[in-house]
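Participant: Pasting work.txt below, which is compact mmCIF, C-alpha atoms.
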# COMPACT_ATOMS: atom_id res chain seq x y z
CA MET A 1 -39.33 -30.99 17.93
CA ALA A 2 -38.38 -27.49 16.80
CA SER A 3 -40.95 -25.92 19.13
CA GLU A 4 -39.63 -27.95 22.11
CA GLU A 5 -36.09 -26.69 21.41
CA ALA A 6 -37.39 -23.16 21.08
CA LYS A 7 -39.19 -23.41 24.44
CA GLU A 8 -35.90 -24.08 26.20
CA TYR A 9 -34.62 -20.62 25.21
CA VAL A 10 -37.63 -18.59 26.39
CA LEU A 11 -36.67 -16.32 29.26
CA PRO A 12 -38.35 -16.98 32.61
CA PRO A 13 -41.21 -14.45 33.14
CA GLU A 14 -39.50 -12.67 36.06
CA VAL A 15 -36.27 -12.17 34.08
CA LEU A 16 -38.30 -10.99 31.08
CA GLU A 17 -40.15 -8.51 33.26
CA GLU A 18 -36.88 -7.23 34.74
CA THR A 19 -35.35 -6.81 31.26
CA MET A 20 -38.41 -4.93 30.02
CA LYS A 21 -38.29 -2.68 33.07
CA ALA A 22 -34.58 -1.94 32.52
CA SER A 23 -35.27 -1.19 28.85
CA GLU A 24 -38.12 1.18 29.75
CA GLU A 25 -35.83 2.87 32.25
CA LEU A 26 -33.18 3.33 29.56
CA TRP A 27 -35.55 5.04 27.12
CA LYS A 28 -37.55 7.10 29.64
CA PRO A 29 -36.99 10.88 29.16
CA VAL A 30 -34.90 12.15 32.05
CA ARG A 31 -33.57 15.61 31.18
CA LYS A 32 -34.16 18.50 28.83
CA ILE A 33 -31.08 19.26 26.73
CA LYS A 34 -30.52 22.22 24.42
CA PHE A 35 -28.89 21.37 21.08
CA ARG A 36 -26.90 24.17 19.46
CA ILE A 37 -26.50 23.19 15.83
CA TYR A 38 -24.22 24.80 13.21
CA LYS A 39 -26.11 25.70 10.05
CA TYR A 40 -24.32 26.70 6.87
CA ASN A 41 -24.84 26.09 3.17
CA PRO A 42 -21.76 27.48 1.35
CA ARG A 43 -23.69 27.73 -1.93
CA LYS A 44 -26.45 29.87 -0.43
CA ASP A 45 -25.59 31.42 2.94
CA TYR A 46 -23.39 34.48 3.46
CA ALA A 47 -22.15 33.22 6.85
CA PRO A 48 -22.86 30.33 9.21
CA TYR A 49 -25.46 30.69 11.95
CA TRP A 50 -26.61 28.66 14.95
CA GLU A 51 -29.95 27.00 15.48
CA GLU A 52 -31.20 25.86 18.87
CA HIS A 53 -33.56 23.00 19.67
CA GLU A 54 -34.68 21.61 23.00
CA LEU A 55 -35.31 17.93 23.44
CA GLU A 56 -36.27 15.58 26.26
CA VAL A 57 -33.52 12.97 26.24
CA SER A 58 -33.28 9.52 27.76
CA ARG A 59 -30.24 7.72 29.14
CA GLY A 60 -29.84 5.55 26.05
CA MET A 61 -30.31 8.26 23.43
CA THR A 62 -27.28 8.95 21.20
CA VAL A 63 -26.51 12.28 19.56
CA LEU A 64 -27.45 10.75 16.19
CA ASP A 65 -30.85 9.64 17.57
CA ALA A 66 -31.44 13.21 18.78
CA LEU A 67 -30.37 14.71 15.44
CA LEU A 68 -32.73 12.40 13.54
CA ILE A 69 -35.61 13.42 15.83
CA ILE A 70 -34.77 17.10 15.24
CA LYS A 71 -34.53 16.49 11.48
CA GLY A 72 -37.84 14.63 11.44
CA GLU A 73 -39.86 16.94 13.68
CA ALA A 74 -38.30 20.41 13.78
CA ASP A 75 -35.89 21.15 10.94
CA HIS A 76 -36.17 19.05 7.76
CA SER A 77 -33.38 20.99 6.06
CA LEU A 78 -30.70 19.84 8.55
CA GLY A 79 -27.80 18.29 6.63
CA LEU A 80 -25.87 15.42 8.24
CA ARG A 81 -24.19 12.24 7.08
CA TYR A 82 -24.78 8.84 8.69
CA SER A 83 -25.16 5.25 7.65
CA CYS A 84 -24.63 2.22 9.90
CA ARG A 85 -25.59 3.75 13.32
CA MET A 86 -23.16 1.44 15.16
CA GLY A 87 -19.69 2.96 14.82
CA LEU A 88 -18.58 0.89 11.85
CA CYS A 89 -18.91 3.19 8.83
CA GLY A 90 -17.38 6.40 10.22
CA SER A 91 -19.86 8.68 8.41
CA CYS A 92 -21.23 10.58 11.40
CA ALA A 93 -18.01 12.01 12.89
CA MET A 94 -18.56 15.60 14.03
CA MET A 95 -17.50 18.09 16.70
CA ILE A 96 -19.57 17.34 19.79
CA ASN A 97 -18.94 20.00 22.44
CA GLY A 98 -15.64 20.84 20.75
CA LYS A 99 -14.24 17.31 20.42
CA GLN A 100 -14.25 14.93 17.47
CA MET A 101 -16.64 12.03 18.16
CA LEU A 102 -18.97 9.66 16.33
CA ALA A 103 -22.56 10.89 16.77
CA CYS A 104 -23.85 7.30 16.78
CA GLN A 105 -21.54 6.20 19.62
CA THR A 106 -21.90 9.21 21.91
CA ARG A 107 -24.81 9.39 24.30
CA VAL A 108 -26.33 12.83 24.71
CA LEU A 109 -26.07 12.80 28.52
CA GLU A 110 -22.44 11.66 28.30
CA ALA A 111 -21.65 14.58 25.94
CA ALA A 112 -23.59 17.13 28.01
CA GLY A 113 -21.99 16.09 31.31
CA SER A 114 -23.20 18.31 34.11
CA GLY A 115 -24.30 21.05 31.66
CA ASP A 116 -27.47 21.14 29.60
CA VAL A 117 -26.13 22.27 26.20
CA VAL A 118 -24.72 20.09 23.44
CA GLU A 119 -22.96 22.04 20.68
CA LEU A 120 -22.66 20.35 17.30
CA ARG A 121 -20.34 21.52 14.51
CA PRO A 122 -18.94 19.92 11.34
CA LEU A 123 -15.40 18.49 11.63
CA ASP A 124 -12.67 21.14 11.94
CA ASN A 125 -10.12 21.41 9.11
CA PHE A 126 -12.55 19.87 6.60
CA PRO A 127 -14.46 21.99 4.04
CA VAL A 128 -18.16 22.27 4.91
CA GLU A 129 -20.48 20.47 2.51
CA ARG A 130 -23.61 21.55 4.33
CA ASP A 131 -24.45 22.02 8.03
CA LEU A 132 -22.86 19.06 9.86
CA ALA A 133 -21.64 17.19 6.77
CA ALA A 134 -17.99 17.72 5.81
CA ASP A 135 -16.37 17.33 2.38
CA PHE A 136 -13.96 14.36 2.43
CA THR A 137 -12.54 14.74 -1.12
CA SER A 138 -9.02 15.84 -0.08
CA PHE A 139 -9.01 13.35 2.82
CA PHE A 140 -9.56 10.42 0.45
CA GLU A 141 -7.06 11.86 -2.05
CA LYS A 142 -4.41 11.81 0.69
CA HIS A 143 -5.41 8.25 1.59
CA ARG A 144 -5.06 7.22 -2.06
CA ALA A 145 -1.68 8.99 -2.32
CA VAL A 146 0.01 6.46 0.00
CA LYS A 147 -1.13 3.56 -2.23
CA PRO A 148 -3.16 1.66 0.36
CA TRP A 149 -2.95 -1.75 -1.27
CA ILE A 150 -0.48 -4.64 -1.42
CA ILE A 151 2.28 -3.91 -3.94
CA ARG A 152 4.28 -6.87 -5.25
CA ASN A 153 6.80 -7.44 -8.00
CA ASP A 154 6.09 -11.12 -8.78
CA ASP A 155 3.62 -10.74 -11.63
CA VAL A 156 3.69 -14.47 -12.44
CA GLU A 157 2.48 -15.41 -8.93
CA LEU A 158 -0.08 -12.58 -8.94
CA ASN A 159 -1.60 -13.68 -12.24
CA ASN A 160 -1.49 -17.41 -11.48
CA PRO A 161 -1.57 -17.76 -7.67
CA THR A 162 -0.19 -21.06 -6.38
CA GLY A 163 -1.31 -20.57 -2.76
CA PRO A 164 -1.77 -18.07 0.06
CA TYR A 165 1.13 -15.88 1.21
CA LYS A 166 3.01 -17.09 4.27
CA GLN A 167 2.67 -14.88 7.37
CA THR A 168 3.26 -15.63 11.06
CA VAL A 169 1.11 -14.27 13.92
CA ASP A 170 3.94 -11.93 15.01
CA GLU A 171 4.13 -10.49 11.51
CA TYR A 172 0.34 -10.09 11.47
CA ALA A 173 0.39 -8.33 14.87
CA ARG A 174 2.68 -5.61 13.47
CA TYR A 175 -0.07 -4.12 11.32
CA TYR A 176 -3.41 -5.57 12.55
CA GLN A 177 -4.21 -2.61 14.82
CA PHE A 178 -4.10 -0.18 11.88
CA THR A 179 -6.51 -2.22 9.74
CA ASP A 180 -9.37 -1.15 12.05
CA CYS A 181 -9.41 2.38 10.57
CA ILE A 182 -12.91 3.39 9.41
CA LYS A 183 -11.81 6.66 7.75
CA CYS A 184 -14.10 8.84 9.85
CA GLY A 185 -11.67 11.80 9.61
CA ALA A 186 -11.61 12.50 13.37
CA CYS A 187 -7.79 12.19 13.52
CA LEU A 188 -7.09 14.67 10.71
CA SER A 189 -9.60 17.06 12.20
CA ALA A 190 -7.95 16.92 15.65
CA CYS A 191 -4.41 17.32 14.29
CA PRO A 192 -2.91 20.77 15.08
CA THR A 193 -0.47 20.46 12.18
CA ALA A 194 -3.33 19.92 9.71
CA ALA A 195 -4.90 23.17 11.00
CA THR A 196 -2.23 25.20 9.22
CA ASP A 197 -0.64 22.84 6.68
CA TYR A 198 -3.30 22.03 4.08
CA GLU A 199 -1.03 19.61 2.21
CA TYR A 200 -0.04 17.56 5.27
CA LEU A 201 -0.94 13.91 4.61
CA GLY A 202 -2.46 13.53 8.05
CA PRO A 203 -2.51 10.77 10.68
CA GLN A 204 -4.92 8.52 8.80
CA ALA A 205 -2.93 8.32 5.55
CA LEU A 206 0.44 8.01 7.33
CA ALA A 207 -0.80 5.25 9.65
CA GLN A 208 -2.14 3.39 6.60
CA ALA A 209 1.22 3.85 4.84
CA TYR A 210 2.90 2.22 7.86
CA ARG A 211 0.27 -0.55 7.88
CA TYR A 212 1.15 -1.55 4.29
CA ILE A 213 4.91 -1.00 4.59
CA VAL A 214 5.25 -3.44 7.52
CA ASP A 215 2.93 -6.03 6.00
CA THR A 216 5.27 -8.87 4.99
CA ARG A 217 3.21 -9.56 1.88
CA ASP A 218 3.99 -6.07 0.62
CA ASN A 219 7.07 -4.93 -1.30
CA GLY A 220 6.18 -1.28 -1.91
CA LEU A 221 8.41 0.63 0.55
CA ASP A 222 10.42 2.30 -2.23
CA VAL A 223 7.23 3.38 -4.01
CA ARG A 224 5.64 4.89 -0.87
CA ILE A 225 8.79 6.53 0.44
CA SER A 226 8.54 9.34 -2.14
CA VAL A 227 5.15 10.23 -0.62
CA VAL A 228 5.73 9.82 3.14
CA ASP A 229 9.39 10.92 3.44
CA THR A 230 8.64 14.51 2.41
CA GLU A 231 8.05 17.97 3.86
CA HIS A 232 4.31 17.32 4.12
CA GLY A 233 4.77 13.66 5.10
CA CYS A 234 5.58 12.03 8.43
CA TRP A 235 8.23 14.59 9.49
CA ARG A 236 5.51 17.21 9.94
CA CYS A 237 4.05 15.26 12.86
CA HIS A 238 5.25 16.62 16.23
CA PHE A 239 3.43 14.12 18.41
CA ALA A 240 0.55 16.13 19.87
CA ALA A 241 -1.14 12.67 19.98
CA SER A 242 -4.66 14.12 19.64
CA CYS A 243 -5.29 11.80 16.67
CA SER A 244 -4.95 8.76 18.92
CA ASP A 245 -6.94 10.47 21.67
CA VAL A 246 -10.02 10.98 19.45
CA CYS A 247 -9.85 7.77 17.38
CA PRO A 248 -13.15 5.93 18.01
CA ARG A 249 -11.64 2.56 17.00
CA GLY A 250 -8.43 2.59 19.06
CA VAL A 251 -6.27 2.57 15.93
CA ASP A 252 -3.56 4.77 17.52
CA PRO A 253 -2.33 6.60 14.39
CA ALA A 254 0.25 8.60 16.43
CA GLN A 255 2.03 5.34 17.23
CA GLY A 256 1.98 4.36 13.54
CA ILE A 257 3.56 7.66 12.48
CA GLN A 258 6.35 7.46 15.10
CA LEU A 259 7.09 3.84 14.09
CA LEU A 260 7.14 4.96 10.45
CA LYS A 261 9.73 7.63 11.32
CA LYS A 262 11.79 4.99 13.15
CA LEU A 263 11.61 2.75 10.08
CA LEU A 264 12.71 5.58 7.75
CA ILE A 265 15.66 6.47 10.02
CA LYS A 266 16.73 2.82 10.20
CA ARG A 267 16.48 2.63 6.41
CA LYS A 268 18.87 5.61 6.10
CA PHE A 269 21.39 3.47 8.02
CA GLY A 270 21.00 0.63 5.54
CA PHE A 271 18.34 -1.46 7.30
CA LYS A 272 15.97 -3.36 5.03
CA PRO A 273 12.47 -3.88 6.51
CA HIS A 274 11.57 -7.39 5.37
CA LYS A 275 11.75 -9.82 2.52
CA PRO A 276 8.43 -10.11 0.69
CA ALA A 277 6.49 -13.14 1.94
CA GLU A 278 6.58 -16.24 -0.21
CA ALA A 279 3.49 -18.05 -1.36
CA LEU A 280 2.85 -21.33 0.44
CA PRO A 281 3.55 -24.12 -2.06
CA ALA A 282 0.47 -25.71 -3.58
CA LYS A 283 1.67 -29.24 -2.62
CA VAL A 284 1.13 -28.44 1.09
CA LYS A 285 -2.54 -27.87 0.35
CA ALA A 286 -2.67 -31.07 -1.71
CA GLU A 287 -1.12 -33.10 1.15
CA LYS A 288 -3.60 -31.72 3.64
CA LYS A 289 -6.47 -32.63 1.37
CA GLY A 290 -5.10 -36.14 0.93
CA MET K 1 -17.43 41.69 -3.99
CA GLU K 2 -13.97 40.14 -3.69
CA ALA K 3 -14.05 40.58 0.08
CA GLU K 4 -17.41 38.82 0.17
CA SER K 5 -16.11 35.79 -1.74
CA GLU K 6 -13.05 35.61 0.56
CA PHE K 7 -15.38 35.75 3.54
CA LYS K 8 -17.45 32.88 2.15
CA GLU K 9 -14.34 30.85 1.33
CA TYR K 10 -13.07 31.27 4.90
CA TYR K 11 -16.20 29.62 6.31
CA ALA K 12 -16.46 27.02 3.55
CA LYS K 13 -12.85 25.84 4.12
CA ASN K 14 -13.42 25.67 7.88
CA MET K 15 -9.68 25.53 8.68
CA ARG K 16 -8.77 26.36 12.27
CA GLY K 17 -5.48 28.01 11.36
CA ILE K 18 -3.04 29.03 14.11
CA SER K 19 -5.80 28.84 16.75
CA GLY K 20 -5.75 25.07 16.07
CA TRP K 21 -2.24 24.83 17.61
CA PHE K 22 -3.54 26.11 20.93
CA LYS K 23 -6.90 24.33 21.13
CA ALA K 24 -5.79 21.97 23.91
CA ARG K 25 -8.62 22.07 26.44
CA VAL K 26 -10.47 18.92 25.38
CA TYR K 27 -7.40 16.80 24.58
CA THR K 28 -4.65 15.08 26.59
CA ILE K 29 -1.58 16.63 28.27
CA GLU K 30 0.52 15.96 25.15
CA ARG K 31 -1.52 18.60 23.32
CA TRP K 32 -0.70 21.18 26.03
CA LEU K 33 2.98 20.25 25.74
CA TYR K 34 2.73 20.64 21.94
CA ALA K 35 1.28 24.16 22.33
CA ALA K 36 3.88 25.13 24.95
CA HIS K 37 6.69 23.71 22.76
CA ARG K 38 5.49 25.91 19.86
CA ILE K 39 5.34 29.07 21.97
CA THR K 40 8.74 28.49 23.63
CA GLY K 41 10.27 27.67 20.23
CA ILE K 42 9.02 30.97 18.74
CA LEU K 43 10.23 32.93 21.80
CA ILE K 44 13.69 31.31 21.59
CA VAL K 45 13.95 32.33 17.91
CA LEU K 46 13.02 35.92 18.87
CA PHE K 47 15.67 35.94 21.62
CA VAL K 48 18.30 34.50 19.29
CA LEU K 49 17.60 37.29 16.77
CA ALA K 50 18.21 39.89 19.48
CA HIS K 51 21.27 37.93 20.61
CA PHE K 52 22.67 37.98 17.06
CA TYR K 53 22.26 41.78 16.99
CA SER K 54 24.31 42.17 20.15
CA THR K 55 25.87 39.09 21.76
CA GLY K 56 26.52 40.95 25.01
CA TRP K 57 22.85 41.84 25.46
CA HIS K 58 20.92 40.13 28.22
CA PRO K 59 17.34 40.88 29.18
CA GLY K 60 18.06 41.42 32.91
CA LEU K 61 17.65 39.71 36.28
CA TRP K 62 14.09 38.35 36.31
CA TRP K 63 13.89 38.22 32.54
CA ASP K 64 16.99 36.01 32.58
CA ALA K 65 15.12 33.57 34.86
CA LEU K 66 12.14 33.67 32.46
CA LEU K 67 14.47 32.96 29.55
CA GLY K 68 15.71 29.98 31.58
CA ILE K 69 12.16 28.65 31.95
CA ILE K 70 11.58 28.95 28.20
CA VAL K 71 14.84 27.28 27.19
CA THR K 72 14.75 24.47 29.78
CA PHE K 73 11.13 23.58 28.92
CA HIS K 74 11.99 23.40 25.22
CA THR K 75 15.01 21.21 26.04
CA ALA K 76 13.20 18.79 28.37
CA ASN K 77 10.18 18.41 26.11
CA GLY K 78 12.50 18.12 23.12
CA ILE K 79 14.17 15.09 24.73
CA ARG K 80 10.71 13.50 25.20
CA LEU K 81 9.85 14.15 21.56
CA ILE K 82 13.14 12.69 20.31
CA LEU K 83 12.48 9.52 22.34
CA ALA K 84 8.92 9.26 21.00
CA GLU K 85 9.84 10.00 17.40
CA LEU K 86 12.60 7.41 17.43
CA GLY K 87 9.93 4.91 18.46
CA PHE K 88 11.32 4.19 21.96
CA ALA K 89 8.38 5.36 24.08
CA VAL K 90 5.30 4.63 21.97
CA GLY K 91 4.92 0.89 22.59
CA LYS K 92 4.00 -1.86 20.17
CA PRO K 93 0.85 -2.21 18.04
CA LEU K 94 -1.77 -4.38 19.77
CA LEU K 95 -3.12 -7.68 18.51
CA ILE K 96 -5.94 -7.82 21.05
CA LYS K 97 -7.82 -4.68 22.06
CA LYS K 98 -10.14 -4.11 25.01
CA PRO K 99 -13.62 -2.76 24.17
CA SER K 100 -12.65 0.72 25.35
CA GLN K 101 -8.96 0.55 24.53
CA ARG K 102 -7.00 3.74 25.22
CA PRO K 103 -4.04 4.40 22.89
CA VAL K 104 -0.79 2.75 23.99
CA SER K 105 1.29 5.56 22.49
CA ILE K 106 -0.28 8.03 24.94
CA GLU K 107 -1.03 6.05 28.08
CA GLY K 108 1.79 3.52 28.01
CA VAL K 109 5.49 4.16 28.71
CA GLN K 110 5.14 7.59 27.10
CA ARG K 111 3.34 8.93 30.18
CA TYR K 112 6.39 8.10 32.32
CA VAL K 113 8.51 9.97 29.79
CA VAL K 114 6.16 12.97 30.15
CA VAL K 115 6.67 12.89 33.93
CA PHE K 116 10.45 12.55 33.45
CA ALA K 117 10.47 15.53 31.04
CA LEU K 118 8.46 17.71 33.44
CA VAL K 119 10.71 16.82 36.42
CA LEU K 120 13.80 17.51 34.29
CA PHE K 121 12.28 20.85 33.28
CA VAL K 122 11.67 21.88 36.91
CA VAL K 123 15.20 20.85 38.00
CA LEU K 124 16.95 22.60 35.08
CA ALA K 125 14.78 25.73 35.46
CA ALA K 126 15.57 25.88 39.19
CA ILE K 127 19.33 25.60 38.54
CA TRP K 128 19.11 28.30 35.85
CA ALA K 129 17.05 30.60 38.08
CA TYR K 130 19.51 30.12 40.99
CA TYR K 131 22.38 31.05 38.72
CA ALA K 132 20.55 34.06 37.22
CA LEU K 133 19.09 35.43 40.46
CA VAL K 134 21.76 34.55 43.07
CA VAL K 135 25.12 33.65 41.57
CA GLN K 136 25.30 36.19 38.73
CA PRO K 137 24.46 39.30 40.86
CA MET K 138 27.12 38.19 43.38
CA MET K 139 29.70 37.98 40.59
CA GLY K 140 28.65 41.46 39.52
Mind turning the file's structure into structure tokens?

Facilitator:
Amino acid sequence: MASEEAKEYVLPPEVLEETMKASEELWKPVRKIKFRIYKYNPRKDYAPYWEEHELEVSRGMTVLDALLIIKGEADHSLGLRYSCRMGLCGSCAMMINGKQMLACQTRVLEAAGSGDVVELRPLDNFPVERDLAADFTSFFEKHRAVKPWIIRNDDVELNNPTGPYKQTVDEYARYYQFTDCIKCGACLSACPTAATDYEYLGPQALAQAYRYIVDTRDNGLDVRISVVDTEHGCWRCHFAASCSDVCPRGVDPAQGIQLLKKLLIKRKFGFKPHKPAEALPAKVKAEKKG
Amino acid sequence: MEAESEFKEYYAKNMRGISGWFKARVYTIERWLYAAHRITGILIVLFVLAHFYSTGWHPGLWWDALLGIIVTFHTANGIRLILAELGFAVGKPLLIKKPSQRPVSIEGVQRYVVVFALVLFVVLAAIWAYYALVVQPMMG
């Protein structure tokens, strides 16, 4: 029985052949590209230097694929960070031809364009750990500074939950976009303000602050305001919008920061953002079960 | 030895510094406007310092027109920034995103505001230049 069901899903031979042909076409080497790679070990080297490698690339090959080939066959000492290889972990963000991109989501031919050189550097405005890997310590400290978790005052409900917190779709839509952040650091690296202000919280942390402040389950506006409503907080942003331009997940941090400013101005005029959401009474669940 | 450690620290920190303000080539038009806003802002401060020293001082015919370009750009772009920072032009957060979603805050209503700001800049600069180059010399 199982084998009969399985037979139904086998592709017809002509379709299979076509798919195989398309796949071969995708991975067939088409052009020779020169990779210019930044090499620097702050513990050992006096100054950074560039290393060049030439590689035959195919249409489907990503920059990360190429780097792993170079690391495996030409330069074993090449330092880079990567993990999921599908744009979900945010580890492999780097400067590809001068712009912040994820190495695993950028095809080599797309990055090279009409030229034949791909230049790879570690993220700007981040300390260099080694070669293409950047040090994210201060980035995560800034993220932690805005308290990126739900803050509530009802300890009784928190310790003995009676049900889920009530939230409508409209309320959910206010912050959903910002939950997609993968903390790749591309936004902070692209920010011109962060290039000169080392203490600036940055687009990632400020967008996350907005995400938690407008969440109806949260009641932590007064706690976060001392962090975001400061000289190095949201007022340092002057809307160059490069953070949103380079974000690989479409999070749009620039929008979050401007809406955060709007919220802070409204608060100065006495506006209160929202009442903390109530827990749905347990009896509703009991009725549904019954 | 100290110079060497400073040299190493410079590369290890990898901060772009002031050159980061003007690195606009690979980004959107908003980044160019940001850079131009910075430059015009600094130039206005320099002019105001000279103006404080002697309120009657004016740079001269063509320089007056240039001053007009600097001031009117800063004004027009400033209006765009006030609208964006008060949350009027940046749109709403999305619940559903397309696979290659471009940011709403850049490519939504805000782009119309950019066009409005640039048109306003050209109109104001033209009026200023007409006054500086034609009307003022006639008045002596």

Participant: Set the distance at 8 Å and use only C-alpha atoms: which residues neighbour A:Ala186 once local chain neighbours fewer than 2 positions away are removed? I'd like the list as a list in words.

Facilitator: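 Residues meeting the cut-off are Ala93, Met94, Gln100, Met101, Leu123, Cys184, Leu188, Ser189, Ala190, Cys243, Val246 and Cys247 of chain A.
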
Participant: Fewer than 2 positions away in the same chain doesn't count, so skip those; otherwise give me all residues within 8 Å of K:Arg102, counting all atoms listed in the file, as a PyMOL selection string.

Facilitator: (chain A and resi 245+250) or (chain K and resi 100+104+106-107)

Participant: One number please: atom CA of A:Asp75 to atom CA of A:Glu54, in Å, one decimal.

Facilitator: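 A separation of 12.1 Å between them.
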
Participant: One decimal, in Å: what's the spacing between atom CA of A:Gln167 and atom CA of K:Gly108?

Facilitator: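 Result for atom CA of A:Gln167 versus atom CA of K:Gly108: 27.7 Å, one decimal.
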
Participant: Atom CA of A:Ala134 and atom CA of A:Arg81, how far apart in Å?

Facilitator: 8.4 Å

Participant: My list of candidates is A:Glu278, A:Asp218, A:Asp45, A:Asp155. Which is closest to chain K when distances are computed with only C-alpha atoms?

Facilitator: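 Ranking A:Glu278, A:Asp218, A:Asp45, A:Asp155 by distance to chain K, first place goes to A:Asp45.
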
Participant: Could you tell me which residues of chain A sit within 8 Å of chain K when counting all atoms listed in the file, and give me the result as a PyMOL selection string?

Facilitator: chain A and resi 42+46-48+98-99+124-129+173-177+192-193+195-196+238-242+244-245+250-252+254-255+258-259+261-262

Participant: List the spatial neighbours of A:Val227 as a list in words - criterion: any atom at most 8 Å away, all atoms listed in the file, same-chain residues fewer than 6 positions off excluded.

Facilitator: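 Listed by chain and then number, they are Ala145, Val146 and Gly233 of chain A.
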
Participant: Pick the closest to A:Pro161 from A:Pro281, A:Pro12, A:Pro273, A:Gly185: which is it, counting all atoms listed in the file?

Facilitator: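 Among the listed residues, A:Pro281 lies closest to A:Pro161.
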
Participant: Which residue is closest to K:Asp64? Choose from K:Phe47, K:Val114, K:Ala3, K:Asn77 and count all atoms listed in the file.

Facilitator: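 Of the candidates, the smallest distance to K:Asp64 is held by K:Phe47.
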
Participant: Name the residues within 10 Å of (-30.1, 10.1, 21.9), counting only C-alpha atoms in the file's coordinates, and put them as a ChimeraX atom specification.

Facilitator: /A:27,55-69,103-109

Participant: Could I get stretch 37-53 of chain A from the block written out with N, CA and C atoms, as an mmCIF file, in the first residue's frame?

Facilitator:
data_model
loop_
_atom_site.group_PDB
_atom_site.id
_atom_site.type_symbol
_atom_site.label_atom_id
_atom_site.label_comp_id
_atom_site.auth_asym_id
_atom_site.auth_seq_id
_atom_site.Cartn_x
_atom_site.Cartn_y
_atom_site.Cartn_z
ATOM 1 N N ILE A 37 40.208 39.293 -0.435
ATOM 2 C CA ILE A 37 39.759 39.028 0.932
ATOM 3 C C ILE A 37 40.649 39.742 1.950
ATOM 4 N N TYR A 38 39.999 40.389 2.912
ATOM 5 C CA TYR A 38 40.679 41.146 3.978
ATOM 6 C C TYR A 38 41.240 40.165 4.999
ATOM 7 N N LYS A 39 42.524 40.284 5.281
ATOM 8 C CA LYS A 39 43.143 39.371 6.251
ATOM 9 C C LYS A 39 43.754 40.201 7.372
ATOM 10 N N TYR A 40 43.375 39.900 8.586
ATOM 11 C CA TYR A 40 43.932 40.634 9.723
ATOM 12 C C TYR A 40 43.671 39.875 11.010
ATOM 13 N N ASN A 41 44.745 39.624 11.763
ATOM 14 C CA ASN A 41 44.614 39.042 13.092
ATOM 15 C C ASN A 41 45.157 40.075 14.074
ATOM 16 N N PRO A 42 44.289 40.777 14.817
ATOM 17 C CA PRO A 42 44.756 41.873 15.670
ATOM 18 C C PRO A 42 45.782 41.444 16.718
ATOM 19 N N ARG A 43 45.788 40.163 17.082
ATOM 20 C CA ARG A 43 46.737 39.695 18.103
ATOM 21 C C ARG A 43 48.128 39.465 17.517
ATOM 22 N N LYS A 44 48.211 39.334 16.197
ATOM 23 C CA LYS A 44 49.473 38.948 15.575
ATOM 24 C C LYS A 44 49.979 39.964 14.541
ATOM 25 N N ASP A 45 49.063 40.416 13.675
ATOM 26 C CA ASP A 45 49.506 41.244 12.544
ATOM 27 C C ASP A 45 49.679 42.712 12.925
ATOM 28 N N TYR A 46 50.633 43.361 12.258
ATOM 29 C CA TYR A 46 50.868 44.790 12.475
ATOM 30 C C TYR A 46 49.762 45.602 11.790
ATOM 31 N N ALA A 47 49.396 45.188 10.593
ATOM 32 C CA ALA A 47 48.353 45.895 9.826
ATOM 33 C C ALA A 47 47.624 44.889 8.935
ATOM 34 N N PRO A 48 46.394 45.225 8.538
ATOM 35 C CA PRO A 48 45.673 44.305 7.647
ATOM 36 C C PRO A 48 46.307 44.229 6.262
ATOM 37 N N TYR A 49 46.059 43.141 5.570
ATOM 38 C CA TYR A 49 46.533 43.013 4.191
ATOM 39 C C TYR A 49 45.459 42.279 3.385
ATOM 40 N N TRP A 50 45.631 42.293 2.061
ATOM 41 C CA TRP A 50 44.616 41.676 1.188
ATOM 42 C C TRP A 50 45.172 40.407 0.562
ATOM 43 N N GLU A 51 44.298 39.426 0.410
ATOM 44 C CA GLU A 51 44.702 38.186 -0.238
ATOM 45 C C GLU A 51 43.777 37.978 -1.439
ATOM 46 N N GLU A 52 44.323 37.509 -2.544
ATOM 47 C CA GLU A 52 43.484 37.335 -3.732
ATOM 48 C C GLU A 52 43.417 35.872 -4.148
ATOM 49 N N HIS A 53 42.230 35.443 -4.513
ATOM 50 C CA HIS A 53 42.027 34.065 -4.978
ATOM 51 C C HIS A 53 41.132 34.111 -6.198
#
